[in-house]
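Dropping model_31.cif in here (mmCIF, C-alpha atoms and all ligand atoms):
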```cif
data_model
#
loop_
_atom_site.group_PDB
_atom_site.id
_atom_site.type_symbol
_atom_site.label_atom_id
_atom_site.label_comp_id
_atom_site.auth_asym_id
_atom_site.auth_seq_id
_atom_site.Cartn_x
_atom_site.Cartn_y
_atom_site.Cartn_z
ATOM 1 C CA MET A 1207 -95.049 -4.517 51.132
ATOM 2 C CA ALA A 1208 -97.164 -7.214 49.509
ATOM 3 C CA ILE A 1209 -100.577 -6.453 47.986
ATOM 4 C CA LEU A 1210 -103.119 -9.230 47.357
ATOM 5 C CA ARG A 1211 -105.985 -8.727 44.903
ATOM 6 C CA LEU A 1212 -108.932 -11.100 44.557
ATOM 7 C CA GLU A 1213 -110.959 -11.513 41.392
ATOM 8 C CA ASP A 1214 -113.852 -9.515 42.934
ATOM 9 C CA GLY A 1215 -111.521 -6.513 43.358
ATOM 10 C CA THR A 1216 -110.971 -6.997 47.105
ATOM 11 C CA THR A 1217 -107.459 -5.798 47.988
ATOM 12 C CA TYR A 1218 -105.453 -6.757 51.086
ATOM 13 C CA THR A 1219 -102.233 -5.084 52.244
ATOM 14 C CA GLN A 1220 -102.067 -6.347 55.825
ATOM 15 C CA LEU A 1221 -99.633 -9.294 56.006
ATOM 16 C CA SER A 1222 -101.962 -11.232 58.340
ATOM 17 C CA ASP A 1223 -104.838 -10.925 55.844
ATOM 18 C CA ILE A 1224 -102.612 -12.014 52.957
ATOM 19 C CA VAL A 1225 -101.266 -14.990 54.955
ATOM 20 C CA ARG A 1226 -104.881 -16.027 55.696
ATOM 21 C CA GLU A 1227 -106.029 -15.689 52.079
ATOM 22 C CA LEU A 1228 -103.045 -17.700 50.773
ATOM 23 C CA ALA A 1229 -103.175 -20.346 53.520
ATOM 24 C CA PRO A 1230 -105.288 -22.778 51.388
ATOM 25 C CA LEU A 1231 -102.300 -22.871 48.993
ATOM 26 C CA ASN A 1232 -99.690 -23.176 51.754
ATOM 27 C CA VAL A 1233 -97.932 -20.267 50.055
ATOM 28 C CA GLN A 1234 -95.704 -18.660 52.672
ATOM 29 C CA ILE A 1235 -95.311 -14.890 52.676
ATOM 30 C CA ASN A 1236 -93.289 -12.848 55.123
ATOM 31 C CA CYS A 1237 -91.544 -9.530 55.463
ATOM 32 C CA TRP A 1238 -87.749 -9.693 55.921
ATOM 33 C CA GLN A 1239 -85.985 -6.413 56.684
ATOM 34 C CA ILE A 1240 -83.248 -5.352 54.241
ATOM 35 C CA GLY A 1241 -81.798 -2.873 56.718
ATOM 36 C CA ASP A 1242 -80.409 0.591 55.990
ATOM 37 C CA ASP A 1243 -76.779 -0.103 55.102
ATOM 38 C CA PRO A 1244 -76.036 2.737 52.615
ATOM 39 C CA GLU A 1245 -73.653 0.651 50.476
ATOM 40 C CA LEU A 1246 -76.274 -2.094 50.104
ATOM 41 C CA ARG A 1247 -78.996 0.458 49.373
ATOM 42 C CA ASP A 1248 -76.806 2.043 46.665
ATOM 43 C CA LEU A 1249 -76.199 -1.351 45.034
ATOM 44 C CA LEU A 1250 -79.928 -2.173 45.099
ATOM 45 C CA ALA A 1251 -80.658 1.144 43.394
ATOM 46 C CA GLN A 1252 -78.436 0.206 40.409
ATOM 47 C CA ASP A 1253 -80.168 -1.470 37.461
ATOM 48 C CA ILE A 1254 -77.050 -3.390 36.459
ATOM 49 C CA LEU A 1255 -74.882 -5.255 38.990
ATOM 50 C CA SER A 1256 -71.566 -6.956 38.209
ATOM 51 C CA ASP A 1257 -71.100 -10.525 39.454
ATOM 52 C CA VAL A 1258 -68.904 -9.149 42.249
ATOM 53 C CA GLU A 1259 -71.637 -6.654 43.235
ATOM 54 C CA LYS A 1260 -74.296 -9.394 43.114
ATOM 55 C CA GLU A 1261 -72.202 -11.511 45.483
ATOM 56 C CA GLN A 1262 -71.747 -8.467 47.741
ATOM 57 C CA VAL A 1263 -75.548 -8.049 47.918
ATOM 58 C CA LEU A 1264 -76.093 -11.779 48.511
ATOM 59 C CA LYS A 1265 -73.492 -11.849 51.321
ATOM 60 C CA ALA A 1266 -75.118 -8.812 52.981
ATOM 61 C CA LEU A 1267 -78.426 -10.747 53.086
ATOM 62 C CA ASP A 1268 -77.004 -14.216 53.810
ATOM 63 C CA ILE A 1269 -78.474 -14.221 57.326
ATOM 64 C CA TYR A 1270 -81.720 -15.353 55.670
ATOM 65 C CA PHE A 1271 -79.993 -17.961 53.490
ATOM 66 C CA GLN A 1272 -78.319 -19.385 56.606
ATOM 67 C CA GLN A 1273 -81.765 -19.763 58.234
ATOM 68 C CA LEU A 1274 -83.139 -21.580 55.165
ATOM 69 C CA ALA A 1275 -80.014 -23.732 54.914
ATOM 70 C CA THR A 1276 -80.214 -24.735 58.578
ATOM 71 C CA ASN A 1277 -84.000 -25.199 58.789
ATOM 72 C CA ALA A 1278 -84.854 -26.496 55.347
ATOM 73 C CA GLY A 1279 -81.690 -27.735 53.660
ATOM 74 C CA TYR A 1280 -81.386 -24.991 51.054
ATOM 75 C CA GLN A 1281 -78.122 -25.414 49.199
ATOM 76 C CA GLU A 1282 -77.704 -22.429 46.888
ATOM 77 C CA ARG A 1283 -78.865 -18.894 46.308
ATOM 78 C CA ASP A 1284 -78.421 -16.436 43.466
ATOM 79 C CA LEU A 1285 -79.647 -12.985 42.543
ATOM 80 C CA ILE A 1286 -81.914 -12.337 39.559
ATOM 81 C CA ALA A 1287 -81.990 -8.725 38.387
ATOM 82 C CA LEU A 1288 -84.533 -7.913 35.672
ATOM 83 C CA HIS A 1289 -84.781 -4.393 34.230
ATOM 84 C CA PRO A 1290 -85.786 -2.784 30.897
ATOM 85 C CA SER A 1291 -82.289 -2.992 29.376
ATOM 86 C CA VAL A 1292 -81.951 -6.762 29.920
ATOM 87 C CA PRO A 1293 -81.628 -8.248 26.393
ATOM 88 C CA ASN A 1294 -84.689 -10.342 25.398
ATOM 89 C CA LEU A 1295 -86.444 -9.440 28.669
ATOM 90 C CA ASP A 1296 -89.873 -10.242 27.210
ATOM 91 C CA THR A 1297 -88.659 -13.639 25.959
ATOM 92 C CA MET A 1298 -87.363 -14.451 29.446
ATOM 93 C CA LEU A 1299 -90.586 -13.256 31.101
ATOM 94 C CA SER A 1300 -92.694 -15.291 28.673
ATOM 95 C CA LYS A 1301 -91.355 -18.408 30.464
ATOM 96 C CA PHE A 1302 -93.170 -17.350 33.627
ATOM 97 C CA ASP A 1303 -96.320 -15.524 32.532
ATOM 98 C CA ARG A 1304 -98.236 -18.724 31.701
ATOM 99 C CA VAL A 1305 -99.593 -20.961 34.441
ATOM 100 C CA HIS A 1306 -96.847 -23.325 35.511
ATOM 101 C CA THR A 1307 -95.562 -25.387 38.411
ATOM 102 C CA HIS A 1308 -92.087 -26.343 39.590
ATOM 103 C CA ALA A 1309 -90.877 -29.661 40.977
ATOM 104 C CA ASP A 1310 -89.175 -27.707 43.781
ATOM 105 C CA PRO A 1311 -90.501 -24.916 45.978
ATOM 106 C CA GLU A 1312 -90.133 -21.455 44.409
ATOM 107 C CA VAL A 1313 -88.474 -19.384 47.124
ATOM 108 C CA ARG A 1314 -87.854 -15.717 46.378
ATOM 109 C CA TYR A 1315 -86.815 -12.727 48.489
ATOM 110 C CA ILE A 1316 -87.651 -9.460 46.716
ATOM 111 C CA ILE A 1317 -84.981 -6.813 47.367
ATOM 112 C CA ALA A 1318 -85.802 -4.173 44.720
ATOM 113 C CA GLY A 1319 -88.567 -3.348 42.244
ATOM 114 C CA GLU A 1320 -91.730 -5.434 42.153
ATOM 115 C CA GLY A 1321 -93.465 -8.294 40.408
ATOM 116 C CA ILE A 1322 -96.821 -10.065 40.396
ATOM 117 C CA PHE A 1323 -97.458 -13.724 41.203
ATOM 118 C CA GLY A 1324 -100.812 -15.212 40.288
ATOM 119 C CA PHE A 1325 -102.331 -18.267 41.966
ATOM 120 C CA VAL A 1326 -105.326 -20.557 41.553
ATOM 121 C CA ARG A 1327 -106.886 -21.310 44.934
ATOM 122 C CA PRO A 1328 -108.418 -24.747 45.686
ATOM 123 C CA ASP A 1329 -111.924 -23.226 45.257
ATOM 124 C CA GLY A 1330 -110.934 -22.257 41.689
ATOM 125 C CA SER A 1331 -110.701 -18.534 42.450
ATOM 126 C CA GLN A 1332 -107.678 -16.694 41.083
ATOM 127 C CA VAL A 1333 -105.679 -14.160 43.060
ATOM 128 C CA GLU A 1334 -102.707 -11.974 42.250
ATOM 129 C CA LEU A 1335 -100.007 -10.972 44.714
ATOM 130 C CA THR A 1336 -97.785 -7.973 44.063
ATOM 131 C CA VAL A 1337 -94.470 -8.525 45.824
ATOM 132 C CA GLN A 1338 -92.154 -5.640 46.664
ATOM 133 C CA PRO A 1339 -88.867 -5.106 48.552
ATOM 134 C CA GLU A 1340 -88.589 -7.078 51.789
ATOM 135 C CA ASP A 1341 -91.262 -9.559 50.740
ATOM 136 C CA TYR A 1342 -90.291 -13.215 51.100
ATOM 137 C CA ILE A 1343 -92.404 -15.787 49.305
ATOM 138 C CA ASN A 1344 -92.279 -19.571 49.254
ATOM 139 C CA VAL A 1345 -94.496 -21.231 46.636
ATOM 140 C CA PRO A 1346 -94.735 -24.966 47.405
ATOM 141 C CA ALA A 1347 -93.626 -27.450 44.738
ATOM 142 C CA GLY A 1348 -96.425 -28.306 42.341
ATOM 143 C CA THR A 1349 -98.446 -25.119 43.021
ATOM 144 C CA GLU A 1350 -99.963 -23.595 39.872
ATOM 145 C CA HIS A 1351 -98.819 -19.996 39.514
ATOM 146 C CA TRP A 1352 -97.760 -17.367 37.009
ATOM 147 C CA PHE A 1353 -95.489 -14.334 37.252
ATOM 148 C CA TYR A 1354 -95.073 -11.061 35.417
ATOM 149 C CA LEU A 1355 -93.612 -7.621 35.973
ATOM 150 C CA THR A 1356 -95.591 -4.463 36.650
ATOM 151 C CA ALA A 1357 -95.260 -1.355 34.481
ATOM 152 C CA LEU A 1358 -91.997 -0.674 36.397
ATOM 153 C CA ARG A 1359 -90.452 -3.673 34.513
ATOM 154 C CA GLN A 1360 -87.830 -4.001 37.223
ATOM 155 C CA ILE A 1361 -87.193 -6.509 39.988
ATOM 156 C CA LYS A 1362 -84.274 -7.871 41.983
ATOM 157 C CA ALA A 1363 -84.871 -11.091 43.878
ATOM 158 C CA VAL A 1364 -82.724 -13.583 45.737
ATOM 159 C CA ARG A 1365 -83.592 -17.116 44.541
ATOM 160 C CA TYR A 1366 -83.024 -19.983 46.990
ATOM 161 C CA PHE A 1367 -82.567 -23.515 45.680
ATOM 162 C CA THR A 1368 -82.615 -27.002 47.119
ATOM 163 C CA SER A 1369 -81.615 -28.159 43.621
ATOM 164 C CA ARG A 1370 -81.129 -26.379 40.292
ATOM 165 C CA GLU A 1371 -83.240 -28.701 38.174
ATOM 166 C CA GLY A 1372 -86.438 -28.305 40.143
ATOM 167 C CA TRP A 1373 -87.284 -24.729 39.226
ATOM 168 C CA VAL A 1374 -87.808 -25.360 35.501
ATOM 169 C CA PRO A 1375 -91.403 -24.326 34.625
ATOM 170 C CA GLU A 1376 -93.851 -27.186 33.927
ATOM 171 C CA TYR A 1377 -96.793 -25.585 32.072
ATOM 172 C CA THR A 1378 -100.443 -26.449 32.741
ATOM 173 C CA ASP A 1379 -103.313 -25.482 30.451
ATOM 174 C CA ARG A 1380 -105.074 -23.373 33.081
ATOM 175 C CA GLU A 1381 -106.536 -20.114 31.727
ATOM 176 C CA ILE A 1382 -105.622 -16.875 33.526
ATOM 177 C CA ARG A 1383 -108.841 -14.922 34.021
ATOM 178 C CA PHE A 1384 -107.533 -11.560 35.171
ATOM 179 C CA ARG A 1385 -104.438 -9.499 35.570
ATOM 180 C CA ALA A 1386 -104.293 -7.080 38.473
ATOM 181 C CA ALA A 1387 -101.508 -5.084 36.800
ATOM 182 C CA SER A 1388 -103.836 -4.313 33.893
ATOM 183 C CA VAL A 1389 -106.305 -3.075 36.503
ATOM 184 C CA ASP A 1390 -103.524 -0.827 37.820
ATOM 185 C CA LEU A 1391 -102.549 0.224 34.306
ATOM 186 C CA ARG A 1392 -106.198 0.841 33.493
ATOM 187 C CA SER A 1393 -106.671 2.938 36.635
ATOM 188 C CA GLN A 1394 -103.390 4.774 35.923
ATOM 189 C CA SER A 1395 -104.581 5.601 32.383
ATOM 190 C CA LEU A 1396 -107.941 6.714 33.837
ATOM 191 C CA LEU A 1397 -106.028 8.888 36.310
ATOM 192 C CA LYS A 1398 -104.060 10.386 33.438
ATOM 193 C CA SER A 1399 -107.124 11.189 31.254
HETATM 194 C C1 LIG B 1 -88.936 -13.159 40.677
HETATM 195 S S1 LIG B 1 -87.977 -14.461 40.089
HETATM 196 C C2 LIG B 1 -88.440 -14.636 38.399
HETATM 197 C C3 LIG B 1 -89.685 -15.420 38.285
HETATM 198 C C4 LIG B 1 -89.482 -16.927 38.472
HETATM 199 O O1 LIG B 1 -88.411 -17.444 38.701
HETATM 200 C C5 LIG B 1 -90.670 -17.789 38.375
HETATM 201 O O2 LIG B 1 -90.550 -19.111 38.307
HETATM 202 C C6 LIG B 1 -91.871 -17.269 38.408
HETATM 203 O O3 LIG B 1 -92.922 -18.143 38.424
HETATM 204 FE FE FE B 2 -92.401 -19.942 38.788
HETATM 205 NI NI NI B 3 -93.215 -6.102 53.487
#
```
So that I can check it, write out the structure of this file as structure tokens.
Amino acid sequence: MAILRLEDGTTYTQLSDIVRELAPLNVQINCWQIGDDPELRDLLAQDILSDVEKEQVLKALDIYFQQLATNAGYQERDLIALHPSVPNLDTMLSKFDRVHTHADPEVRYIIAGEGIFGFVRPDGSQVELTVQPEDYINVPAGTEHWFYLTALRQIKAVRYFTSREGWVPEYTDREIRFRAASVDLRSQSLLKS
């Protein structure tokens, strides 16, 4: 279930509120059910998936890919699985944790773990959106955003492509003013003390 945090600390968890707050960016957010198939749930609980297992997961969720292919011409999908034992995880994440855009829409369906997208709204305010299983997000081409993992350091997401070239990050020099996860980490450390 998605969580949106504004710079003033306001937090939204209702999908309708989040849709409203992200509307100025035309960022689409929705909740797509994963279902309760035990074999799929077991695969999603594994950190590491073989290529065969990844394809099994993708096929189980292809109903959504078919909708995107029919309605919006999406051509390909793959599954990204990030977890603490991925070699050079921090190097990979460093590609996304600076403000960047893509020439194509960034379309992700979160199916395990969680991650945080940051956005700059037209009024200059910055917001951060924690995405979790069943959250679907479509970030329009050219939208400034950043992405990083929470303290869980684990996410599985289906990536949908209209072309492969268009998702390469194009960096902007926008400064990121806050990180909600650090707020969480700070509050967690406060809770611990
Ligand atoms: C959750 S998919 C990994 C992040 C990514 O592809 C991207 O471009 C984030 O901005
Ligand atoms: Fe991105
Ligand atoms: Ni949800």
Which chains and residue numbers are within 7 Å of ligand FE 2 (chain B), counting only C-alpha atoms and all ligand atoms, if I want them as a PyMOL selection string? chain A and resi 1302+1306-1308+1312+1351-1353+1375
Do you know which residues are within 7 Å of ligand NI 3 (chain B) using only C-alpha atoms and all ligand atoms? Can you write them as a PyMOL selection string? chain A and resi 1207-1208+1236-1238+1338-1341
From the list A:Ile1382, A:Val1326, A:Met1298, A:Leu1249, which residue is nearest ligand LIG 1 (chain B) when using all atoms listed in the file?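 Of all the options, A:Met1298 lies closest to ligand LIG 1 (chain B).
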Taking (-90.4, -29.1, 43.9) in the file's coordinates as the center, which residues reach within 10 Å of it, counting only C-alpha atoms, put as a ChimeraX atom specification? /A:1307-1312,1345-1349,1367-1369,1371-1374
Provide the CA of Phe1323 in chain A to atom O1 of ligand LIG 1 (chain B) distance in Å, to one decimal place.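 Taking CA of Phe1323 in chain A as the start and atom O1 of ligand LIG 1 (chain B) as the end point, the length is 10.1 Å.
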Write out as a tab-separated table a residue-level contact list of range 1324-1383 of chain A versus range 1250-1266 of chain A with cut-off 10 Å: for each qualifying residue the closest pair of atoms and the distance in Å to one decimal, counting only C-alpha atoms, rows sorted by chain and residue number upward.
```
residue	atom	partner	partner_atom	distance
A:Gln1360	CA	A:Asp1253	CA	8.1
A:Ile1361	CA	A:Asp1253	CA	9.0
A:Lys1362	CA	A:Leu1250	CA	7.8
A:Ala1363	CA	A:Leu1264	CA	9.9
A:Val1364	CA	A:Leu1264	CA	7.4
```
Just-selected residues, C-alpha atoms written as an mmCIF file, in the coordinates of the input:
```
data_model
loop_
_atom_site.group_PDB
_atom_site.id
_atom_site.type_symbol
_atom_site.label_atom_id
_atom_site.label_comp_id
_atom_site.auth_asym_id
_atom_site.auth_seq_id
_atom_site.Cartn_x
_atom_site.Cartn_y
_atom_site.Cartn_z
ATOM 1 C CA GLN A 1360 -87.830 -4.001 37.223
ATOM 2 C CA ILE A 1361 -87.193 -6.509 39.988
ATOM 3 C CA LYS A 1362 -84.274 -7.871 41.983
ATOM 4 C CA ALA A 1363 -84.871 -11.091 43.878
ATOM 5 C CA VAL A 1364 -82.724 -13.583 45.737
#
```
The distance between CA of Ile1322 in chain A and CA of Leu1355 in chain A is 6.0 Å
Please enumerate the residues selected by the PyMOL selection byres (((chain A and resi 1228) around 12) and not hetatm) when evaluated against the supplied file, formatted as a PyMOL selection string. chain A and resi 1209-1212+1218+1221-1227+1229-1236+1323-1329+1331-1335+1343-1346+1349
Separation of atom C2 of ligand LIG 1 (chain B) and CA of Val1313 in chain A, in Å?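 Interatomic distance, atom C2 of ligand LIG 1 (chain B) to CA of Val1313 in chain A: 9.9 Å.
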